[in-house]
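Trainee: Got start.pdb for you, PDB, C-alpha atoms and all ligand atoms:
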```pdb
ATOM      1  CA  LEU Z   1       3.235  -4.949 -18.546  1.00  0.00           C
ATOM      2  CA  TYR Z   2       1.581  -1.618 -19.278  1.00  0.00           C
ATOM      3  CA  THR Z   3       4.515   0.821 -18.857  1.00  0.00           C
ATOM      4  CA  PRO Z   4       4.167   3.929 -21.059  1.00  0.00           C
ATOM      5  CA  GLU Z   5       6.615   6.847 -20.721  1.00  0.00           C
ATOM      6  CA  THR Z   6       3.834   9.277 -19.844  1.00  0.00           C
ATOM      7  CA  VAL Z   7       0.168   8.827 -18.947  1.00  0.00           C
ATOM      8  CA  GLU Z   8      -2.875  11.013 -19.467  1.00  0.00           C
ATOM      9  CA  CYS Z   9      -5.324  10.380 -16.647  1.00  0.00           C
ATOM     10  CA  ASN Z  10      -8.458  12.471 -16.076  1.00  0.00           C
ATOM     11  CA  GLY Z  11      -6.977  15.273 -18.162  1.00  0.00           C
ATOM     12  CA  GLU Z  12      -3.651  15.423 -16.315  1.00  0.00           C
ATOM     13  CA  THR Z  13      -0.194  14.250 -17.358  1.00  0.00           C
ATOM     14  CA  PHE Z  14       1.893  11.863 -15.278  1.00  0.00           C
ATOM     15  CA  ASN Z  15       5.563  10.849 -15.676  1.00  0.00           C
ATOM     16  CA  ILE Z  16       7.465   7.772 -14.505  1.00  0.00           C
ATOM     17  CA  TYR Z  17       8.653   7.989 -10.904  1.00  0.00           C
ATOM     18  CA  LEU Z  18       9.553   4.393  -9.973  1.00  0.00           C
ATOM     19  CA  THR Z  19      10.303   1.899 -12.753  1.00  0.00           C
ATOM     20  CA  LYS Z  20       9.149  -1.686 -12.843  1.00  0.00           C
ATOM     21  CA  GLU Z  21      12.751  -2.806 -12.206  1.00  0.00           C
ATOM     22  CA  GLU Z  22      13.006  -0.630  -9.084  1.00  0.00           C
ATOM     23  CA  LEU Z  23       9.661  -1.904  -7.837  1.00  0.00           C
ATOM     24  CA  GLU Z  24      10.497  -5.549  -8.546  1.00  0.00           C
ATOM     25  CA  ALA Z  25      13.840  -5.340  -6.760  1.00  0.00           C
ATOM     26  CA  ARG Z  26      12.441  -3.653  -3.656  1.00  0.00           C
ATOM     27  CA  VAL Z  27       9.387  -5.919  -3.462  1.00  0.00           C
ATOM     28  CA  ALA Z  28      11.694  -8.961  -3.639  1.00  0.00           C
ATOM     29  CA  GLU Z  29      13.803  -7.564  -0.771  1.00  0.00           C
ATOM     30  CA  LEU Z  30      10.739  -6.938   1.379  1.00  0.00           C
ATOM     31  CA  GLY Z  31       9.439 -10.434   0.573  1.00  0.00           C
ATOM     32  CA  SER Z  32      12.629 -12.127   1.737  1.00  0.00           C
ATOM     33  CA  GLU Z  33      12.792 -10.028   4.903  1.00  0.00           C
ATOM     34  CA  LEU Z  34       9.228 -11.036   5.735  1.00  0.00           C
ATOM     35  CA  ALA Z  35       9.841 -14.711   4.922  1.00  0.00           C
ATOM     36  CA  GLU Z  36      12.862 -14.695   7.227  1.00  0.00           C
ATOM     37  CA  LYS Z  37      11.004 -12.958  10.034  1.00  0.00           C
ATOM     38  CA  TYR Z  38       7.845 -15.111   9.850  1.00  0.00           C
ATOM     39  CA  LYS Z  39       9.349 -18.551   9.218  1.00  0.00           C
ATOM     40  CA  GLY Z  40       7.257 -21.151  11.094  1.00  0.00           C
ATOM     41  CA  LYS Z  41       4.645 -18.562  12.092  1.00  0.00           C
ATOM     42  CA  ASN Z  42       2.073 -18.942   9.297  1.00  0.00           C
ATOM     43  CA  PRO Z  43       1.406 -15.196   9.042  1.00  0.00           C
ATOM     44  CA  ILE Z  44      -1.806 -13.783   7.619  1.00  0.00           C
ATOM     45  CA  PHE Z  45      -1.327 -10.933   5.167  1.00  0.00           C
ATOM     46  CA  ILE Z  46      -4.147  -8.397   5.235  1.00  0.00           C
ATOM     47  CA  GLY Z  47      -4.380  -6.185   2.181  1.00  0.00           C
ATOM     48  CA  VAL Z  48      -6.155  -2.842   2.122  1.00  0.00           C
ATOM     49  CA  LEU Z  49      -8.432  -2.542  -0.924  1.00  0.00           C
ATOM     50  CA  ASN Z  50      -8.390  -1.309  -3.521  1.00  0.00           C
ATOM     51  CA  GLY Z  51      -4.937   0.245  -3.754  1.00  0.00           C
ATOM     52  CA  ALA Z  52      -2.781  -2.511  -2.220  1.00  0.00           C
ATOM     53  CA  TYR Z  53      -3.950  -5.425  -4.367  1.00  0.00           C
ATOM     54  CA  ILE Z  54      -1.121  -5.280  -6.924  1.00  0.00           C
ATOM     55  CA  PHE Z  55       1.649  -4.718  -4.376  1.00  0.00           C
ATOM     56  CA  LEU Z  56       0.266  -7.439  -2.109  1.00  0.00           C
ATOM     57  CA  SER Z  57       0.054 -10.010  -4.880  1.00  0.00           C
ATOM     58  CA  ASP Z  58       3.642  -9.329  -5.981  1.00  0.00           C
ATOM     59  CA  LEU Z  59       4.870  -9.225  -2.383  1.00  0.00           C
ATOM     60  CA  MET Z  60       3.266 -12.511  -1.321  1.00  0.00           C
ATOM     61  CA  ARG Z  61       4.787 -14.339  -4.262  1.00  0.00           C
ATOM     62  CA  GLN Z  62       8.214 -13.328  -2.896  1.00  0.00           C
ATOM     63  CA  VAL Z  63       7.410 -14.807   0.520  1.00  0.00           C
ATOM     64  CA  ASP Z  64       8.525 -18.441   0.314  1.00  0.00           C
ATOM     65  CA  ILE Z  65       6.919 -19.758   3.495  1.00  0.00           C
ATOM     66  CA  PRO Z  66       3.347 -20.914   4.213  1.00  0.00           C
ATOM     67  CA  CYS Z  67       1.071 -17.905   4.716  1.00  0.00           C
ATOM     68  CA  GLU Z  68      -2.528 -16.759   4.224  1.00  0.00           C
ATOM     69  CA  VAL Z  69      -4.286 -13.690   2.877  1.00  0.00           C
ATOM     70  CA  ASP Z  70      -7.416 -11.682   3.590  1.00  0.00           C
ATOM     71  CA  PHE Z  71      -8.643  -8.215   2.632  1.00  0.00           C
ATOM     72  CA  LEU Z  72     -10.443  -5.248   4.062  1.00  0.00           C
ATOM     73  CA  LYS Z  73     -11.625  -2.086   2.458  1.00  0.00           C
ATOM     74  CA  LEU Z  74     -11.720   1.525   3.551  1.00  0.00           C
ATOM     75  CA  SER Z  75     -13.296   4.523   1.900  1.00  0.00           C
ATOM     76  CA  SER Z  76     -10.819   6.205  -0.430  1.00  0.00           C
ATOM     77  CA  TYR Z  77      -9.959   9.725  -1.576  1.00  0.00           C
ATOM     78  CA  GLY Z  78     -13.092   9.707  -3.721  1.00  0.00           C
ATOM     79  CA  ASP Z  79     -12.165  11.346  -7.002  1.00  0.00           C
ATOM     80  CA  GLU Z  80      -9.862  13.952  -5.493  1.00  0.00           C
ATOM     81  CA  LYS Z  81      -6.088  14.172  -5.102  1.00  0.00           C
ATOM     82  CA  VAL Z  82      -6.262  15.150  -1.440  1.00  0.00           C
ATOM     83  CA  SER Z  83      -7.408  13.101   1.529  1.00  0.00           C
ATOM     84  CA  SER Z  84     -10.869  13.742   2.958  1.00  0.00           C
ATOM     85  CA  GLY Z  85      -9.435  13.398   6.479  1.00  0.00           C
ATOM     86  CA  GLU Z  86     -12.017  10.763   7.341  1.00  0.00           C
ATOM     87  CA  VAL Z  87     -11.881   6.978   7.345  1.00  0.00           C
ATOM     88  CA  THR Z  88     -14.929   4.746   6.881  1.00  0.00           C
ATOM     89  CA  ASP Z  89     -15.076   0.935   6.823  1.00  0.00           C
ATOM     90  CA  LEU Z  90     -16.452  -0.530   3.619  1.00  0.00           C
ATOM     91  CA  LYS Z  91     -15.514  -4.182   4.204  1.00  0.00           C
ATOM     92  CA  ASP Z  92     -14.044  -6.046   7.191  1.00  0.00           C
ATOM     93  CA  ILE Z  93     -11.797  -9.130   7.089  1.00  0.00           C
ATOM     94  CA  ASP Z  94     -13.463 -12.559   7.181  1.00  0.00           C
ATOM     95  CA  ALA Z  95     -10.621 -14.416   8.921  1.00  0.00           C
ATOM     96  CA  ASP Z  96     -10.388 -14.886  12.673  1.00  0.00           C
ATOM     97  CA  ILE Z  97      -7.039 -13.295  13.540  1.00  0.00           C
ATOM     98  CA  GLU Z  98      -7.067 -13.977  17.283  1.00  0.00           C
ATOM     99  CA  GLY Z  99      -3.605 -15.268  18.212  1.00  0.00           C
ATOM    100  CA  ARG Z 100      -2.369 -14.880  14.626  1.00  0.00           C
ATOM    101  CA  ASN Z 101       0.654 -12.995  13.299  1.00  0.00           C
ATOM    102  CA  VAL Z 102      -0.772 -10.282  11.086  1.00  0.00           C
ATOM    103  CA  VAL Z 103       1.073  -8.454   8.315  1.00  0.00           C
ATOM    104  CA  LEU Z 104      -0.972  -5.417   7.325  1.00  0.00           C
ATOM    105  CA  VAL Z 105      -0.194  -4.274   3.776  1.00  0.00           C
ATOM    106  CA  GLU Z 106      -0.931  -0.773   2.438  1.00  0.00           C
ATOM    107  CA  ASP Z 107      -0.052   0.806  -0.886  1.00  0.00           C
ATOM    108  CA  ILE Z 108       0.790   4.239   0.518  1.00  0.00           C
ATOM    109  CA  VAL Z 109       0.881   6.083   3.821  1.00  0.00           C
ATOM    110  CA  ASP Z 110       0.128   9.784   3.463  1.00  0.00           C
ATOM    111  CA  THR Z 111      -1.115  11.484   6.639  1.00  0.00           C
ATOM    112  CA  GLY Z 112      -1.005   8.115   8.432  1.00  0.00           C
ATOM    113  CA  LEU Z 113      -4.679   8.284   9.390  1.00  0.00           C
ATOM    114  CA  SER Z 114      -5.727   5.093   7.561  1.00  0.00           C
ATOM    115  CA  MET Z 115      -2.849   2.984   8.839  1.00  0.00           C
ATOM    116  CA  LYS Z 116      -3.325   4.160  12.407  1.00  0.00           C
ATOM    117  CA  TYR Z 117      -7.044   3.463  12.180  1.00  0.00           C
ATOM    118  CA  LEU Z 118      -6.400  -0.032  10.791  1.00  0.00           C
ATOM    119  CA  VAL Z 119      -3.826  -1.014  13.404  1.00  0.00           C
ATOM    120  CA  ASP Z 120      -6.172   0.113  16.205  1.00  0.00           C
ATOM    121  CA  LYS Z 121      -9.077  -1.745  14.600  1.00  0.00           C
ATOM    122  CA  LEU Z 122      -7.166  -5.016  14.080  1.00  0.00           C
ATOM    123  CA  GLN Z 123      -5.558  -4.832  17.522  1.00  0.00           C
ATOM    124  CA  LYS Z 124      -9.029  -5.177  19.070  1.00  0.00           C
ATOM    125  CA  LYS Z 125      -9.357  -8.602  17.425  1.00  0.00           C
ATOM    126  CA  GLY Z 126      -6.558  -9.998  19.619  1.00  0.00           C
ATOM    127  CA  PRO Z 127      -3.795 -10.949  17.171  1.00  0.00           C
ATOM    128  CA  ALA Z 128      -0.459 -12.274  18.504  1.00  0.00           C
ATOM    129  CA  SER Z 129       1.308  -9.500  16.583  1.00  0.00           C
ATOM    130  CA  ILE Z 130       0.752  -6.885  13.898  1.00  0.00           C
ATOM    131  CA  ALA Z 131       3.462  -5.667  11.531  1.00  0.00           C
ATOM    132  CA  THR Z 132       2.772  -2.908   9.022  1.00  0.00           C
ATOM    133  CA  VAL Z 133       4.089  -2.790   5.462  1.00  0.00           C
ATOM    134  CA  THR Z 134       3.654   0.057   3.016  1.00  0.00           C
ATOM    135  CA  LEU Z 135       5.069   0.294  -0.475  1.00  0.00           C
ATOM    136  CA  LEU Z 136       5.248   4.104  -0.362  1.00  0.00           C
ATOM    137  CA  HIS Z 137       5.559   6.521   2.539  1.00  0.00           C
ATOM    138  CA  LYS Z 138       5.046  10.268   2.174  1.00  0.00           C
ATOM    139  CA  THR Z 139       7.341  10.907   5.109  1.00  0.00           C
ATOM    140  CA  GLU Z 140       6.776  14.653   5.408  1.00  0.00           C
ATOM    141  CA  ALA Z 141       2.992  14.369   5.163  1.00  0.00           C
ATOM    142  CA  THR Z 142       2.619  11.847   7.986  1.00  0.00           C
ATOM    143  CA  HIS Z 143       1.415  13.548  11.146  1.00  0.00           C
ATOM    144  CA  HIS Z 144      -0.522  10.712  12.767  1.00  0.00           C
ATOM    145  CA  ASP Z 145       1.462   8.627  15.218  1.00  0.00           C
ATOM    146  CA  VAL Z 146       1.760   5.402  13.253  1.00  0.00           C
ATOM    147  CA  GLN Z 147       4.154   2.471  13.447  1.00  0.00           C
ATOM    148  CA  LEU Z 148       5.626   1.509  10.050  1.00  0.00           C
ATOM    149  CA  ASP Z 149       7.724  -1.669  10.173  1.00  0.00           C
ATOM    150  CA  TYR Z 150       8.511  -2.157   6.473  1.00  0.00           C
ATOM    151  CA  VAL Z 151       8.629   0.714   3.971  1.00  0.00           C
ATOM    152  CA  GLY Z 152       9.285   0.166   0.272  1.00  0.00           C
ATOM    153  CA  PHE Z 153      10.166   3.731  -0.696  1.00  0.00           C
ATOM    154  CA  PRO Z 154      10.020   7.015   1.244  1.00  0.00           C
ATOM    155  CA  ILE Z 155       8.631   9.615  -1.207  1.00  0.00           C
ATOM    156  CA  PRO Z 156       7.954  13.374  -1.184  1.00  0.00           C
ATOM    157  CA  THR Z 157       4.458  14.787  -0.647  1.00  0.00           C
ATOM    158  CA  LEU Z 158       3.297  14.414  -4.253  1.00  0.00           C
ATOM    159  CA  PHE Z 159       0.353  12.661  -5.911  1.00  0.00           C
ATOM    160  CA  VAL Z 160       1.310   9.294  -7.409  1.00  0.00           C
ATOM    161  CA  LEU Z 161      -0.460   6.863  -9.713  1.00  0.00           C
ATOM    162  CA  GLY Z 162      -0.117   3.280 -10.951  1.00  0.00           C
ATOM    163  CA  TYR Z 163       0.771  -0.194  -9.607  1.00  0.00           C
ATOM    164  CA  GLY Z 164      -2.602  -0.366  -7.846  1.00  0.00           C
ATOM    165  CA  LEU Z 165      -2.894   3.352  -7.056  1.00  0.00           C
ATOM    166  CA  ASP Z 166      -5.643   5.237  -8.886  1.00  0.00           C
ATOM    167  CA  TYR Z 167      -6.710   8.712  -9.853  1.00  0.00           C
ATOM    168  CA  ALA Z 168     -10.522   8.724  -9.795  1.00  0.00           C
ATOM    169  CA  GLN Z 169     -10.407   4.918 -10.260  1.00  0.00           C
ATOM    170  CA  GLU Z 170      -8.166   5.017 -13.326  1.00  0.00           C
ATOM    171  CA  GLY Z 171      -4.520   4.041 -13.656  1.00  0.00           C
ATOM    172  CA  ARG Z 172      -4.386   1.047 -11.308  1.00  0.00           C
ATOM    173  CA  ASN Z 173      -3.248  -1.252 -14.132  1.00  0.00           C
ATOM    174  CA  LEU Z 174      -0.067   0.729 -14.831  1.00  0.00           C
ATOM    175  CA  GLY Z 175       3.008  -1.449 -14.258  1.00  0.00           C
ATOM    176  CA  GLN Z 176       5.037   1.265 -12.531  1.00  0.00           C
ATOM    177  CA  ILE Z 177       4.556   4.322 -10.312  1.00  0.00           C
ATOM    178  CA  TYR Z 178       3.878   7.670 -12.018  1.00  0.00           C
ATOM    179  CA  ILE Z 179       3.861  11.175 -10.619  1.00  0.00           C
ATOM    180  CA  LEU Z 180       1.912  14.272 -11.613  1.00  0.00           C
ATOM    181  CA  ASP Z 181       3.805  16.222 -14.285  1.00  0.00           C
ATOM    182  CA  GLY Z 182       5.772  19.174 -12.904  1.00  0.00           C
ATOM    183  CA  ASP Z 183       5.715  17.850  -9.353  1.00  0.00           C
ATOM    184  CA  ALA Z 184       8.934  15.877  -9.648  1.00  0.00           C
ATOM    185  CA  ASP Z 185      11.286  18.888  -9.779  1.00  0.00           C
TER     186      ASP Z 185
HETATM  187  P1  LIG Z 201      -3.671   8.553   4.713  1.00  0.00           P
HETATM  188  O1  LIG Z 201      -4.789   7.969   5.531  1.00  0.00           O
HETATM  189  O2  LIG Z 201      -2.317   8.033   5.125  1.00  0.00           O
HETATM  190  O3  LIG Z 201      -3.707  10.046   4.676  1.00  0.00           O
HETATM  191  O4  LIG Z 201      -3.918   8.144   3.217  1.00  0.00           O
HETATM  192  C1  LIG Z 201      -3.772   6.837   2.806  1.00  0.00           C
HETATM  193  C2  LIG Z 201      -4.641   6.543   1.605  1.00  0.00           C
HETATM  194  O5  LIG Z 201      -4.822   7.682   0.765  1.00  0.00           O
HETATM  195  C3  LIG Z 201      -3.956   5.514   0.749  1.00  0.00           C
HETATM  196  O6  LIG Z 201      -4.313   4.206   1.116  1.00  0.00           O
HETATM  197  C4  LIG Z 201      -4.436   5.868  -0.643  1.00  0.00           C
HETATM  198  O7  LIG Z 201      -5.682   5.249  -0.895  1.00  0.00           O
HETATM  199  C5  LIG Z 201      -4.648   7.354  -0.598  1.00  0.00           C
HETATM  200  N1  LIG Z 201      -3.493   8.110  -1.131  1.00  0.00           N
HETATM  201  C6  LIG Z 201      -2.609   8.861  -0.433  1.00  0.00           C
HETATM  202  N2  LIG Z 201      -1.712   9.450  -1.223  1.00  0.00           N
HETATM  203  C7  LIG Z 201      -2.008   9.040  -2.478  1.00  0.00           C
HETATM  204  C8  LIG Z 201      -1.408   9.311  -3.777  1.00  0.00           C
HETATM  205  O8  LIG Z 201      -0.419  10.038  -3.940  1.00  0.00           O
HETATM  206  N3  LIG Z 201      -1.995   8.714  -4.841  1.00  0.00           N
HETATM  207  C9  LIG Z 201      -3.081   7.911  -4.728  1.00  0.00           C
HETATM  208  N4  LIG Z 201      -3.558   7.373  -5.840  1.00  0.00           N
HETATM  209  N5  LIG Z 201      -3.685   7.637  -3.530  1.00  0.00           N
HETATM  210  C10 LIG Z 201      -3.142   8.199  -2.429  1.00  0.00           C
END
```
Taking this structure as input, can you express it in the form of structure tokens?
Ligand code: 5GP

Mentor:
Amino acid sequence: LYTPETVECNGETFNIYLTKEELEARVAELGSELAEKYKGKNPIFIGVLNGAYIFLSDLMRQVDIPCEVDFLKLSSYGDEKVSSGEVTDLKDIDADIEGRNVVLVEDIVDTGLSMKYLVDKLQKKGPASIATVTLLHKTEATHHDVQLDYVGFPIPTLFVLGYGLDYAQEGRNLGQIYILDGDAD
């Protein structure tokens, strides 16, 4: 795994915030909770691209029951560290989720806008149920009314990088979560 002590990304310095051991342990816990909850229900995991692809692939391999996967894609932050406040669809799911048990998987919930948008959008497709999972939740930044069923780690309102999360498309391949230098204290 690519796990340096510090990272230079787009001219800024990032330090370790969550180690690969902490991530592994929490992802395993979430995986067993989901396996328990969805036993016999053949859930379909829906990952939000690009950010959630690493978390989703680790998470699903901790879910030891039959299940499926599909993806959708929303517009991202662009190259900035703050949200644009708008959500646009870039790619929809291919699967028919009518009557299915959906597990929607995000990397991070910040204002809550994306997750709320996604739940509303998927709800219109008539699933039997929708549960939401996010690896990270910026609890104090969330002002949209959004239901979060499984949260990996509540975190402060700080910009994070790695484990699927990018800064201007870089840093997704980092094996742990990093935070902008100086923000942690
Ligand atoms: P929200 O719609 O909740 O405001 O923002 C959610 C999306 O913003 C996430 O899916 C992610 O793409 C992006 N995002 C929010 N906070 C961060 C962050 O700290 N780092 C990175 N890399 N992306 C973030």

Trainee: Given 5 Å of margin on each side, can you work out the centre and size in Å (one decimal) of an axis-aligned box holding every listed atom of range 159-163 of chain Z, as JSON?

Mentor:
```
{"center_x": 0.4, "center_y": 6.2, "center_z": -8.4, "size_x": 11.8, "size_y": 22.9, "size_z": 15.0}
```

Trainee: When you count all atoms listed in the file, which of these residues is closest to Asp145 in chain Z: Z:Ser57, Z:Asn42, Z:Thr111, Z:Asn10?

Mentor: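 Checking each candidate against Asp145 in chain Z, we get Z:Thr111 as the closest.
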
Trainee: For the point (-3.7, -18.9, 6.1) in file coordinates, what residues are within 6 Å, counting only C-alpha atoms? Give the answer as a PDB file with C-alpha atoms, in the frame of the given file?

Mentor:
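Final file, out32.pdb:
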```pdb
ATOM      1  CA  ILE Z  44      -1.806 -13.783   7.619  1.00  0.00           C
ATOM      2  CA  CYS Z  67       1.071 -17.905   4.716  1.00  0.00           C
ATOM      3  CA  GLU Z  68      -2.528 -16.759   4.224  1.00  0.00           C
TER       4      GLU Z  68
END
```

Trainee: Just checking: using only C-alpha atoms and all ligand atoms, which residue out of Z:Ile46, Z:Ile179, Z:Leu56, Z:Leu23 ends up closest to ligand LIG 201 (chain Z)?

Mentor: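 Residue with the minimum atom-to-atom distance to ligand LIG 201 (chain Z): Z:Ile179.
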
Trainee: Residues near Tyr2 in chain Z, anyone? I mean within 10 Å using only C-alpha atoms, not counting same-chain ones fewer than 2 positions away, as a list of chain:residue names.

Mentor: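 Everything that qualifies: Z:Pro4, Z:Glu5, Z:Lys20, Z:Gly162, Z:Tyr163, Z:Asn173, Z:Leu174, Z:Gly175, Z:Gln176.
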
Trainee: Of the residues Z:Leu122, Z:Ile130, Z:Leu90, Z:Val146, which is the one nearest to Val103 in chain Z, using all atoms listed in the file?

Mentor: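 Selected residue with least distance to Val103 in chain Z: Z:Ile130.
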
Trainee: I need the residue nearest ligand LIG 201 (chain Z) from this list: Z:Asp94, Z:Asp181, Z:Glu29, Z:Asp79. Use all atoms listed in the file for the distance.

Mentor: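 Of Z:Asp94, Z:Asp181, Z:Glu29, Z:Asp79, the one nearest ligand LIG 201 (chain Z), counting all atoms listed in the file, is Z:Asp79.
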
Trainee: At a cut-off of 7 Å and counting all atoms listed in the file, what residues surround ligand LIG 201 (chain Z)? Please answer as a list in words.

Mentor: Gly51, Ser76, Tyr77, Lys81, Ser83, Gly85, Glu106, Asp107, Ile108, Val109, Asp110, Thr111, Gly112, Leu113, Ser114, Met115, Thr142, Leu158, Phe159, Val160, Leu161, Leu165, Asp166 and Tyr167 of chain Z

Trainee: When the PyMOL selection byres (((chain Z and resi 33) around 12) and not hetatm) is applied to the structure above, which residues does it catch, written out as a list of chain:residue names?

Mentor: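 Here the PyMOL selection byres (((chain Z and resi 33) around 12) and not hetatm) matches Z:Arg26, Z:Val27, Z:Ala28, Z:Glu29, Z:Leu30, Z:Gly31, Z:Ser32, Z:Leu34, Z:Ala35, Z:Glu36, Z:Lys37, Z:Tyr38, Z:Lys39, Z:Leu59, Z:Met60, Z:Gln62, Z:Val63, Z:Asp64, Z:Ile65, Z:Val133, Z:Asp149, Z:Tyr150, Z:Val151, Z:Gly152.
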
Trainee: For the atom pair CA of Glu21 in chain Z and CA of Thr6 in chain Z, what is the interatomic distance in Å to one decimal place?

Mentor: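 Going from CA of Glu21 in chain Z over to CA of Thr6 in chain Z, I get 16.8 Å.
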
Trainee: Go ahead and compute the interatomic distance for CA of Ser75 in chain Z and CA of His144 in chain Z, in Å to one decimal.

Mentor: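 CA of His144 in chain Z lies 17.9 Å from CA of Ser75 in chain Z.
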
Trainee: Counting only C-alpha atoms, figure out which residue out of Z:Ile177, Z:Val48, Z:Val82, Z:Ala168 gets nearest to Glu12 in chain Z.

Mentor: Z:Ala168

Trainee: Near Asp70 in chain Z, within 7 Å and counting only C-alpha atoms, which residues show up once chain neighbours fewer than 4 positions away are dropped, as a VMD selection string?

Mentor: chain Z and resid 45 to 47 93 95

Trainee: Report the distance between CA of Ala131 in chain Z and CA of Thr157 in chain Z in Å, rounded to one decimal place.

Mentor: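 The value is 23.8 Å.
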
Trainee: Within 12 Å of Lys125 in chain Z, counting all atoms listed in the file, which residues show up once you throw out same-chain ones fewer than 3 positions away? Write them as a PDB file with C-alpha atoms, in the frame of the given file, please.

Mentor:
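Final output, saved to selection05.pdb:
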```pdb
ATOM      1  CA  ASP Z  92     -14.044  -6.046   7.191  1.00  0.00           C
ATOM      2  CA  ILE Z  93     -11.797  -9.130   7.089  1.00  0.00           C
ATOM      3  CA  ASP Z  94     -13.463 -12.559   7.181  1.00  0.00           C
ATOM      4  CA  ALA Z  95     -10.621 -14.416   8.921  1.00  0.00           C
ATOM      5  CA  ASP Z  96     -10.388 -14.886  12.673  1.00  0.00           C
ATOM      6  CA  ILE Z  97      -7.039 -13.295  13.540  1.00  0.00           C
ATOM      7  CA  GLU Z  98      -7.067 -13.977  17.283  1.00  0.00           C
ATOM      8  CA  GLY Z  99      -3.605 -15.268  18.212  1.00  0.00           C
ATOM      9  CA  ARG Z 100      -2.369 -14.880  14.626  1.00  0.00           C
ATOM     10  CA  ASN Z 101       0.654 -12.995  13.299  1.00  0.00           C
ATOM     11  CA  VAL Z 102      -0.772 -10.282  11.086  1.00  0.00           C
ATOM     12  CA  LEU Z 118      -6.400  -0.032  10.791  1.00  0.00           C
ATOM     13  CA  VAL Z 119      -3.826  -1.014  13.404  1.00  0.00           C
ATOM     14  CA  ASP Z 120      -6.172   0.113  16.205  1.00  0.00           C
ATOM     15  CA  LYS Z 121      -9.077  -1.745  14.600  1.00  0.00           C
ATOM     16  CA  LEU Z 122      -7.166  -5.016  14.080  1.00  0.00           C
ATOM     17  CA  ALA Z 128      -0.459 -12.274  18.504  1.00  0.00           C
ATOM     18  CA  SER Z 129       1.308  -9.500  16.583  1.00  0.00           C
ATOM     19  CA  ILE Z 130       0.752  -6.885  13.898  1.00  0.00           C
TER      20      ILE Z 130
END
```

Trainee: Compare Z:Gln123, Z:Thr139, Z:Gln169, Z:Thr13 by their minimum atom-to-atom distance to Leu104 in chain Z, counting only C-alpha atoms, and give me the closest one.

Mentor: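 For Leu104 in chain Z, the nearest of the candidates is Z:Gln123.
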
Trainee: Taking the block just given, write range 19-32 of chain Z to a file that holds N, CA and C atoms, as a CSV table (one decimal), in the first residue's frame.

Mentor:
```
chain,number,residue,atom,x,y,z
Z,19,THR,N,-5.3,5.9,9.8
Z,19,THR,CA,-4.3,5.0,9.3
Z,19,THR,C,-5.0,3.8,8.6
Z,20,LYS,N,-4.2,3.0,7.9
Z,20,LYS,CA,-4.8,1.9,7.2
Z,20,LYS,C,-5.3,0.9,8.2
Z,21,GLU,N,-4.7,0.8,9.4
Z,21,GLU,CA,-5.3,-0.2,10.4
Z,21,GLU,C,-6.6,0.3,10.9
Z,22,GLU,N,-6.7,1.6,11.1
Z,22,GLU,CA,-8.0,2.1,11.6
Z,22,GLU,C,-9.1,1.9,10.5
Z,23,LEU,N,-8.7,2.2,9.3
Z,23,LEU,CA,-9.7,2.0,8.2
Z,23,LEU,C,-10.1,0.6,8.0
Z,24,GLU,N,-9.1,-0.3,8.0
Z,24,GLU,CA,-9.4,-1.7,7.9
Z,24,GLU,C,-10.4,-2.3,8.9
Z,25,ALA,N,-10.1,-1.9,10.2
Z,25,ALA,CA,-10.9,-2.4,11.3
Z,25,ALA,C,-12.3,-1.9,11.2
Z,26,ARG,N,-12.5,-0.6,10.9
Z,26,ARG,CA,-13.8,0.0,10.8
Z,26,ARG,C,-14.6,-0.6,9.6
Z,27,VAL,N,-13.9,-0.7,8.5
Z,27,VAL,CA,-14.6,-1.2,7.3
Z,27,VAL,C,-15.0,-2.7,7.5
Z,28,ALA,N,-14.2,-3.5,8.2
Z,28,ALA,CA,-14.6,-4.8,8.6
Z,28,ALA,C,-15.8,-4.9,9.4
Z,29,GLU,N,-15.9,-3.9,10.4
Z,29,GLU,CA,-17.1,-3.9,11.3
Z,29,GLU,C,-18.3,-3.5,10.5
Z,30,LEU,N,-18.2,-2.5,9.6
Z,30,LEU,CA,-19.4,-2.1,8.8
Z,30,LEU,C,-19.8,-3.3,7.9
Z,31,GLY,N,-18.8,-4.0,7.3
Z,31,GLY,CA,-19.1,-5.1,6.5
Z,31,GLY,C,-19.9,-6.2,7.2
Z,32,SER,N,-19.5,-6.5,8.4
Z,32,SER,CA,-20.3,-7.6,9.1
Z,32,SER,C,-21.6,-7.1,9.6
```
